[in-house]
file final05.tsv (TSV, C-alpha atoms)
chain	number	residue	atom	x	y	z
X	293	MET	CA	0.00	0.00	0.00
X	294	PRO	CA	1.43	3.44	-0.91
X	295	ASP	CA	2.51	5.81	1.85
X	296	LEU	CA	-0.57	7.95	2.55
X	297	ARG	CA	1.60	10.97	3.40
X	298	LYS	CA	2.95	11.02	-0.16
X	299	LEU	CA	-0.55	11.37	-1.68
X	300	PRO	CA	-2.32	14.72	-2.27
X	301	LEU	CA	-4.28	16.13	0.64
X	302	GLU	CA	-7.58	15.45	-1.23
X	303	ALA	CA	-6.68	11.76	-1.47
X	304	GLN	CA	-5.72	11.59	2.19
X	305	LEU	CA	-8.99	13.19	3.32
X	306	THR	CA	-11.02	10.97	0.99
X	307	ALA	CA	-9.36	7.90	2.51
X	308	LEU	CA	-10.21	9.27	5.96
X	309	LEU	CA	-13.90	9.69	4.98
X	310	ASP	CA	-13.98	6.15	3.54
X	311	GLY	CA	-12.40	4.66	6.66
X	312	GLU	CA	-9.38	3.40	4.72
X	313	VAL	CA	-6.69	4.69	7.07
X	314	SER	CA	-4.83	3.14	9.98
X	315	PRO	CA	-5.33	4.43	13.52
X	316	GLU	CA	-1.99	6.26	13.31
X	317	GLN	CA	-2.91	7.87	9.98
X	318	ARG	CA	-6.33	8.85	11.35
X	319	HIS	CA	-4.70	10.53	14.33
X	320	GLU	CA	-2.29	12.48	12.10
X	321	LEU	CA	-5.10	13.66	9.77
X	322	GLU	CA	-7.38	14.65	12.62
X	323	GLN	CA	-4.52	16.62	14.16
X	324	ARG	CA	-3.97	18.40	10.85
X	325	LEU	CA	-7.69	19.21	10.58
X	326	ALA	CA	-7.55	20.72	14.05
X	327	ASP	CA	-4.60	22.96	13.10
X	328	ASP	CA	-5.23	23.76	9.41
X	329	GLU	CA	-8.33	25.79	8.46
X	330	ASN	CA	-7.84	25.12	4.71
X	331	ALA	CA	-7.71	21.39	5.37
X	332	ARG	CA	-10.94	21.64	7.41
X	333	ARG	CA	-12.67	23.51	4.58
X	334	LEU	CA	-11.55	20.92	2.00
X	335	HIS	CA	-12.65	18.07	4.30
X	336	GLU	CA	-16.08	19.65	4.69
X	337	ARG	CA	-16.52	19.95	0.91
X	338	LEU	CA	-15.54	16.33	0.37
X	339	ARG	CA	-17.95	15.22	3.10
X	340	HIS	CA	-20.80	17.19	1.52
X	341	GLY	CA	-20.04	15.60	-1.85
X	342	ALA	CA	-20.08	12.09	-0.37
X	343	ASP	CA	-23.36	12.74	1.51
X	344	PHE	CA	-24.96	14.18	-1.62
X	345	GLY	CA	-23.94	11.13	-3.67
X	346	ARG	CA	-25.38	8.74	-1.09
X	347	ARG	CA	-28.69	10.63	-0.95
X	348	ARG	CA	-29.02	10.59	-4.73
X	349	LEU	CA	-28.30	6.83	-4.81
X	350	ASP	CA	-30.92	6.19	-2.09
X	351	ASP	CA	-33.49	8.23	-4.07
X	352	ILE	CA	-32.76	6.23	-7.23
X	353	LEU	CA	-33.11	2.90	-5.40
X	354	LYS	CA	-36.49	3.98	-3.98
X	355	GLU	CA	-37.99	4.74	-7.40
X	356	PRO	CA	-40.60	2.12	-8.42
X	357	VAL	CA	-39.72	-0.28	-11.21
X	358	PRO	CA	-41.85	0.40	-14.33
X	359	LEU	CA	-44.76	-2.00	-14.53
X	360	ALA	CA	-44.12	-2.66	-18.23
X	361	LEU	CA	-40.54	-3.74	-17.49
X	362	VAL	CA	-41.61	-6.28	-14.85
X	363	ARG	CA	-44.25	-7.76	-17.16
X	364	SER	CA	-41.77	-7.90	-20.02
X	365	ILE	CA	-39.25	-9.79	-17.87
X	366	LYS	CA	-41.88	-12.25	-16.63
X	367	SER	CA	-43.26	-12.87	-20.12
X	368	THR	CA	-39.90	-13.39	-21.82
X	369	GLN	CA	-39.55	-16.93	-23.15
X	370	PRO	CA	-36.21	-18.77	-23.01
X	371	PRO	CA	-34.52	-19.45	-26.39
X	372	LYS	CA	-35.70	-22.64	-28.09
X	373	THR	CA	-32.34	-23.47	-29.60
X	374	PRO	CA	-29.13	-23.67	-27.62
X	375	ILE	CA	-26.76	-20.81	-28.16
X	376	ALA	CA	-23.64	-21.94	-29.90
X	377	GLN	CA	-20.58	-21.57	-27.79
X	378	ARG	CA	-17.98	-19.21	-29.01
X	379	ALA	CA	-14.67	-20.57	-30.01
X	380	THR	CA	-12.35	-20.42	-27.08
X	381	ARG	CA	-9.49	-18.07	-27.40
X	382	PRO	CA	-6.09	-18.73	-26.01
X	383	GLN	CA	-5.83	-17.18	-22.62
X	384	VAL	CA	-3.08	-14.71	-22.07
X	385	LYS	CA	-2.05	-14.21	-18.52
X	386	LEU	CA	-0.96	-10.71	-17.70
X	387	ALA	CA	1.36	-10.52	-14.76
X	388	PRO	CA	2.23	-6.87	-14.14
X	389	SER	CA	5.39	-6.12	-12.27
X	390	GLY	CA	5.34	-4.60	-8.81
X	391	PRO	CA	6.00	-1.00	-9.98
X	392	GLN	CA	3.34	-1.34	-12.72
X	393	ALA	CA	0.71	-2.54	-10.22
X	394	LEU	CA	1.59	0.27	-7.83
X	395	ALA	CA	1.31	2.87	-10.59
X	396	ALA	CA	-2.08	1.54	-11.74
X	397	ALA	CA	-3.40	1.58	-8.17
X	398	LEU	CA	-2.25	5.16	-7.69
X	399	ILE	CA	-3.92	6.26	-10.95
X	400	LEU	CA	-7.26	4.64	-10.02
X	401	PHE	CA	-7.09	6.08	-6.52
X	402	ALA	CA	-6.37	9.57	-7.84
X	403	VAL	CA	-9.27	9.37	-10.32
X	404	GLY	CA	-11.69	8.34	-7.56
X	405	CYS	CA	-10.49	11.13	-5.29
X	406	GLY	CA	-10.80	13.65	-8.09
X	407	ILE	CA	-14.41	12.73	-8.76
X	408	GLY	CA	-15.32	13.05	-5.08
X	409	TYR	CA	-13.43	16.34	-4.83
X	410	PHE	CA	-15.12	17.99	-7.81
X	411	VAL	CA	-18.56	16.82	-6.66
X	412	GLY	CA	-17.83	18.22	-3.22
X	413	ILE	CA	-16.67	21.65	-4.42
X	414	SER	CA	-19.33	22.04	-7.10
X	415	PRO	CA	-21.13	25.36	-6.44
X	416	ASP	CA	-24.52	23.71	-6.92
X	417	ALA	CA	-23.90	20.71	-4.67
X	418	ASP	CA	-25.09	22.34	-1.42
X	419	GLU	CA	-28.01	24.00	-3.19
X	420	VAL	CA	-29.17	20.75	-4.79
X	421	ALA	CA	-28.82	18.85	-1.52
X	422	THR	CA	-30.83	21.50	0.34
X	423	THR	CA	-33.52	21.51	-2.35
X	424	THR	CA	-33.76	17.71	-2.22
X	425	ALA	CA	-34.13	17.71	1.55
X	426	ALA	CA	-36.72	20.48	1.47
X	427	ALA	CA	-38.84	18.98	-1.35
X	428	PRO	CA	-42.49	18.63	-0.35
X	429	ALA	CA	-43.81	15.18	0.45
X	430	ASN	CA	-45.87	13.32	-2.11
X	431	THR	CA	-49.51	14.34	-1.73
X	432	ASN	CA	-50.63	10.88	-2.90
X	433	ASP	CA	-49.57	9.22	0.36
X	434	TRP	CA	-52.84	7.31	0.36
X	435	LEU	CA	-51.45	5.09	-2.42
X	436	GLY	CA	-48.88	3.78	0.05
X	437	ASP	CA	-51.69	2.93	2.46
X	438	VAL	CA	-53.68	1.21	-0.31
X	439	THR	CA	-50.60	-0.86	-1.17
X	440	ALA	CA	-50.12	-1.86	2.46
X	441	TYR	CA	-53.77	-2.97	2.81
X	442	GLN	CA	-53.51	-4.92	-0.46
X	443	ARG	CA	-50.48	-6.80	0.88
X	444	LEU	CA	-52.47	-7.54	4.03
X	445	LEU	CA	-55.35	-8.94	1.98
X	446	ILE	CA	-53.24	-11.36	-0.05
X	447	ARG	CA	-51.71	-12.68	3.17
X	448	GLN	CA	-55.05	-13.44	4.85
X	449	PRO	CA	-57.31	-14.91	2.13
X	450	ARG	CA	-59.82	-16.22	4.69
X	451	HIS	CA	-60.57	-12.71	6.01
X	452	LEU	CA	-60.84	-10.55	2.90
X	453	VAL	CA	-63.83	-8.36	3.76
X	454	GLU	CA	-65.85	-6.80	6.58
X	455	VAL	CA	-69.22	-7.07	4.82
X	456	PRO	CA	-69.69	-10.03	2.40
X	457	ALA	CA	-71.02	-9.69	-1.14
X	458	SER	CA	-74.33	-11.28	-0.11
X	459	GLN	CA	-75.21	-8.08	1.78
X	460	ALA	CA	-75.18	-5.83	-1.28
X	461	GLU	CA	-77.64	-3.24	0.06
X	462	GLU	CA	-75.70	-2.76	3.27
X	463	ILE	CA	-72.45	-2.35	1.30
X	464	SER	CA	-74.03	0.32	-0.88
X	465	SER	CA	-75.50	2.37	1.98
X	466	TRP	CA	-72.51	1.86	4.26
X	467	LEU	CA	-69.80	2.94	1.81
X	468	THR	CA	-71.84	5.80	0.37
X	469	THR	CA	-72.30	7.23	3.85
X	470	ALA	CA	-68.75	6.55	5.06
X	471	ILE	CA	-66.94	7.77	1.92
X	472	GLY	CA	-69.46	10.30	0.64
X	473	VAL	CA	-69.21	8.98	-2.92
X	474	PRO	CA	-72.01	7.25	-4.86
X	475	PHE	CA	-70.92	4.08	-6.65
X	476	ARG	CA	-71.99	0.78	-8.21
X	477	VAL	CA	-70.29	-2.57	-7.69
X	478	PRO	CA	-68.77	-3.55	-11.08
X	479	ASP	CA	-69.55	-7.02	-12.39
X	480	LEU	CA	-66.19	-8.55	-13.36
X	481	SER	CA	-67.36	-12.14	-13.74
X	482	ALA	CA	-66.64	-12.05	-17.49
X	483	GLU	CA	-62.99	-11.46	-16.57
X	484	SER	CA	-63.08	-14.35	-14.03
X	485	TRP	CA	-63.10	-12.06	-10.97
X	486	THR	CA	-65.71	-12.79	-8.28
X	487	PHE	CA	-66.91	-10.04	-5.94
X	488	GLN	CA	-66.22	-11.03	-2.32
X	489	GLY	CA	-67.42	-7.97	-0.41
X	490	ALA	CA	-66.22	-4.65	0.92
X	491	ARG	CA	-64.43	-2.89	3.73
X	492	VAL	CA	-63.48	0.65	4.77
X	493	ILE	CA	-59.80	1.46	5.16
X	494	LEU	CA	-57.81	4.61	5.90
X	495	GLY	CA	-55.76	6.32	3.19
X	496	ASP	CA	-53.67	9.26	4.36
X	497	SER	CA	-55.96	9.48	7.44
X	498	ARG	CA	-59.11	9.68	5.29
X	499	PRO	CA	-61.80	7.00	4.74
X	500	VAL	CA	-61.43	4.91	1.59
X	501	GLY	CA	-63.93	2.41	0.21
X	502	GLN	CA	-62.50	-0.95	-0.87
X	503	LEU	CA	-64.31	-3.49	-3.08
X	504	VAL	CA	-62.53	-6.85	-3.03
X	505	TYR	CA	-62.49	-9.52	-5.77
X	506	SER	CA	-60.73	-12.86	-6.17
X	507	ASN	CA	-60.31	-15.47	-8.93
X	508	ALA	CA	-59.96	-19.23	-9.11
X	509	ASP	CA	-56.16	-19.00	-8.82
X	510	GLY	CA	-56.42	-17.29	-5.45
X	511	ASP	CA	-55.34	-13.88	-6.74
X	512	VAL	CA	-56.93	-10.80	-5.16
X	513	ILE	CA	-57.68	-7.39	-6.62
X	514	SER	CA	-59.37	-4.44	-4.96
X	515	ILE	CA	-61.01	-1.24	-6.17
X	516	CYS	CA	-60.36	1.65	-3.79
X	517	PHE	CA	-62.00	5.06	-4.02
X	518	ARG	CA	-62.25	8.32	-2.08
X	519	LYS	CA	-63.16	11.98	-2.60
X	520	ASP	CA	-60.50	14.15	-4.25
X	521	ALA	CA	-59.83	17.70	-5.34
X	522	LEU	CA	-57.74	16.97	-8.42
X	523	PRO	CA	-57.96	19.26	-11.47
X	524	PRO	CA	-59.76	17.93	-14.55
X	525	GLU	CA	-56.51	17.77	-16.52
X	526	ALA	CA	-54.85	15.33	-14.08
X	527	ASP	CA	-53.40	12.20	-15.68
X	528	ASP	CA	-55.75	9.22	-15.86
X	529	PHE	CA	-55.02	5.47	-15.91
X	530	LYS	CA	-51.47	5.80	-14.68
X	531	GLU	CA	-49.84	2.45	-13.98
X	532	THR	CA	-47.16	2.01	-11.32
X	533	ILE	CA	-45.69	-0.93	-9.46
X	534	LYS	CA	-44.63	-1.39	-5.86
X	535	ASP	CA	-42.85	-4.73	-5.62
X	536	GLU	CA	-45.49	-7.44	-6.16
X	537	ILE	CA	-48.42	-4.97	-6.23
X	538	GLY	CA	-49.52	-3.22	-9.43
X	539	LEU	CA	-51.56	0.00	-9.19
X	540	VAL	CA	-53.71	1.76	-11.80
X	541	THR	CA	-54.98	5.20	-10.76
X	542	TRP	CA	-57.60	7.50	-12.29
X	543	HIS	CA	-60.16	10.06	-11.18
X	544	ASN	CA	-63.61	11.20	-12.21
X	545	ALA	CA	-66.18	13.70	-10.90
X	546	GLY	CA	-64.35	14.53	-7.69
X	547	THR	CA	-63.40	10.93	-6.90
X	548	SER	CA	-59.99	9.21	-6.99
X	549	TYR	CA	-59.84	5.51	-7.87
X	550	VAL	CA	-57.14	2.88	-7.57
X	551	LEU	CA	-57.19	-0.66	-8.90
X	552	ALA	CA	-54.67	-2.74	-6.92
X	553	GLY	CA	-53.69	-6.24	-8.00
X	554	PRO	CA	-50.81	-8.55	-8.89
X	555	SER	CA	-48.05	-6.69	-10.73
X	556	ALA	CA	-47.72	-9.62	-13.13
X	557	GLU	CA	-51.35	-9.23	-14.30
X	558	ALA	CA	-50.92	-7.92	-17.85
X	559	ALA	CA	-54.58	-6.88	-18.24
X	560	LEU	CA	-54.67	-4.67	-15.15
X	561	GLY	CA	-54.87	-1.48	-17.22
X	562	GLN	CA	-57.68	-2.74	-19.45
X	563	LEU	CA	-59.55	-3.99	-16.39
X	564	ALA	CA	-59.29	-0.52	-14.80
X	565	MET	CA	-60.82	1.07	-17.89
X	566	LYS	CA	-63.79	-1.30	-17.73
X	567	ILE	CA	-64.22	-0.61	-14.01
X	568	ALA	CA	-64.18	3.14	-14.67
X	569	THR	CA	-67.23	2.86	-16.92
X	570	ALA	CA	-69.10	0.52	-14.57
X	571	ILE	CA	-68.49	1.97	-11.12
call {"tool": "encode", "arguments": {"input": "final05.tsv", "output": "C-alpha cells"}}
result
Amino acid sequence: MPDLRKLPLEAQLTALLDGEVSPEQRHELEQRLADDENARRLHERLRHGADFGRRRLDDILKEPVPLALVRSIKSTQPPKTPIAQRATRPQVKLAPSGPQALAAALILFAVGCGIGYFVGISPDADEVATTTAAAPANTNDWLGDVTAYQRLLIRQPRHLVEVPASQAEEISSWLTTAIGVPFRVPDLSAESWTFQGARVILGDSRPVGQLVYSNADGDVISICFRKDALPPEADDFKETIKDEIGLVTWHNAGTSYVLAGPSAEAALGQLAMKIATAI
C-alpha cells in the first residue's frame, strides 16, 4: 500500500472519509484538521459531496420499477435453440510487475479522489442537496396505504372483507355514507373475478372504500376510491408498481380511484378502464 503521506491532501482526506486509514494515519489527519483551516474547509466539501452522492443513490433505489418492465421480464420466453458456444481463445495471462501494479493503483485512486473532490466543491452541490431535503412530500400518500392494505389482503385470504357480497344493500348504503361517494359494484365475472365484499380502510388518514375480488387462482384485486380535489386535466389510468403490487390510478367527478392487484397481471390497465365505466 502506498505511503498515505505522499498522496495529495484530497486523497488523504477521501481515505479518511472512507475509513481506509490506519489508527496512526487517522490521528495524524485529525490533528492536521484541528490545526489547518484550509484542510478543514476541504474536508467539509468532500464530506458534503459524499453525503450528496449517497442521498441521490438512495433516491434512485427507492424509485418504483416500471410496470411494463416487470411484465416484459416475466413474459420473456427462453430461447428454443441452444446458443452456440464461441470458439475459445487462447488465454493470455498478464502478470504486471510490482511497480506497474503500484502505478495503476495510484492512478485509479487519484481518479476516484478527483471525482469526489469535484462533486464536493461544485457550487450547486449544497443548493441541490438542500432543495432535495426540502422537497415537499408526495400528496398521494394514500397510495402507500392502499398498497399496504392490499399486501395484508393477499396474506389473509380467509378474512378478505368486513361485509360479504351477499349483503349488497348494506355495502351500498354503508360505503356511500362513510366515503361520501355514490358508486356501483362492477360485475367482473366475465374477466373471471368474483366479488367477495367490501371494507373501509384509511388512506392518508381519510376513509377509503375498498371493493374486493378474487379469482380461481387465489389472486386478489381491490377497487379503492375516495373523494379528491384533483384538477380535470390530471393524468388518468397511470400504472405504477410497488414490488409485487400493481396499481392503476384515475379520477372522475371529484373521486380518486385505484385498482390494486398482482403486478404480473398484464390486463390490469384494461380492467381498470372497464371498471371506470361501470363503477
call {"tool": "closest_residue", "arguments": {"input": "final05.tsv", "among": "X:Ala568, X:Asp511, X:Glu302, X:Gly311", "to": "Asp528 (chain X)", "atoms": "all atoms listed in the file"}}
result
X:Ala568
call {"tool": "closest_residue", "arguments": {"input": "final05.tsv", "among": "X:Leu480, X:Gln488, X:Leu445, X:Gln502", "to": "Leu467 (chain X)", "atoms": "all atoms listed in the file"}}
result
X:Gln502
call {"tool": "residues_around", "arguments": {"input": "final05.tsv", "residues": "Tyr549 (chain X)", "least_positions_apart": "6", "cutoff": "6 Å", "atoms": "only C-alpha atoms", "output": "list in words"}}
result
Cys516, Phe517, Thr541, Trp542 and His543 of chain X
call {"tool": "write_last_selection", "arguments": {"input": "final05.tsv", "atoms": "C-alpha atoms", "output": "compact mmCIF listing (two decimals), keeping the file's coordinate frame"}}
result
# COMPACT_ATOMS: atom_id res chain seq x y z
CA CYS X 516 -60.36 1.65 -3.79
CA PHE X 517 -62.00 5.06 -4.02
CA THR X 541 -54.98 5.20 -10.76
CA TRP X 542 -57.60 7.50 -12.29
CA HIS X 543 -60.16 10.06 -11.18
call {"tool": "residues_around", "arguments": {"input": "final05.tsv", "residues": "Gly501 (chain X)", "least_positions_apart": "5", "cutoff": "12 Å", "atoms": "all atoms listed in the file", "output": "PyMOL selection string"}}
result
chain X and resi 438+441+453-455+463-477+489-495+514-519+547-551
call {"tool": "closest_residue", "arguments": {"input": "final05.tsv", "among": "X:Thr439, X:Ser484, X:Ser458, X:Asn507", "to": "Val540 (chain X)", "atoms": "only C-alpha atoms"}}
result
X:Thr439
call {"tool": "residues_around", "arguments": {"input": "final05.tsv", "residues": "Leu325 (chain X)", "least_positions_apart": "3", "cutoff": "12 Å", "atoms": "all atoms listed in the file", "output": "compact mmCIF listing (two decimals) with C-alpha atoms, in the frame of the given file"}}
result
# COMPACT_ATOMS: atom_id res chain seq x y z
CA LEU X 301 -4.28 16.13 0.64
CA GLN X 304 -5.72 11.59 2.19
CA LEU X 305 -8.99 13.19 3.32
CA LEU X 308 -10.21 9.27 5.96
CA ARG X 318 -6.33 8.85 11.35
CA HIS X 319 -4.70 10.53 14.33
CA GLU X 320 -2.29 12.48 12.10
CA LEU X 321 -5.10 13.66 9.77
CA GLU X 322 -7.38 14.65 12.62
CA ASP X 328 -5.23 23.76 9.41
CA GLU X 329 -8.33 25.79 8.46
CA ASN X 330 -7.84 25.12 4.71
CA ALA X 331 -7.71 21.39 5.37
CA ARG X 332 -10.94 21.64 7.41
CA ARG X 333 -12.67 23.51 4.58
CA LEU X 334 -11.55 20.92 2.00
CA HIS X 335 -12.65 18.07 4.30
CA GLU X 336 -16.08 19.65 4.69
call {"tool": "closest_residue", "arguments": {"input": "final05.tsv", "among": "X:Ala326, X:Ile446, X:Arg297, X:Ala564", "to": "Val313 (chain X)", "atoms": "all atoms listed in the file"}}
result
X:Arg297
call {"tool": "atom_distance", "arguments": {"input": "final05.tsv", "atom1": "CA of Arg498 (chain X)", "atom2": "CA of Trp485 (chain X)"}}
result
27.4 Å
call {"tool": "atom_distance", "arguments": {"input": "final05.tsv", "atom1": "CA of Gln562 (chain X)", "atom2": "CA of Val512 (chain X)"}}
result
16.4 Å
call {"tool": "atom_distance", "arguments": {"input": "final05.tsv", "atom1": "CA of Leu435 (chain X)", "atom2": "CA of Phe344 (chain X)"}}
result
28.0 Å
call {"tool": "closest_residue", "arguments": {"input": "final05.tsv", "among": "X:Lys566, X:Arg339, X:Arg324, X:Arg447", "to": "Glu483 (chain X)", "atoms": "all atoms listed in the file"}}
result
X:Lys566
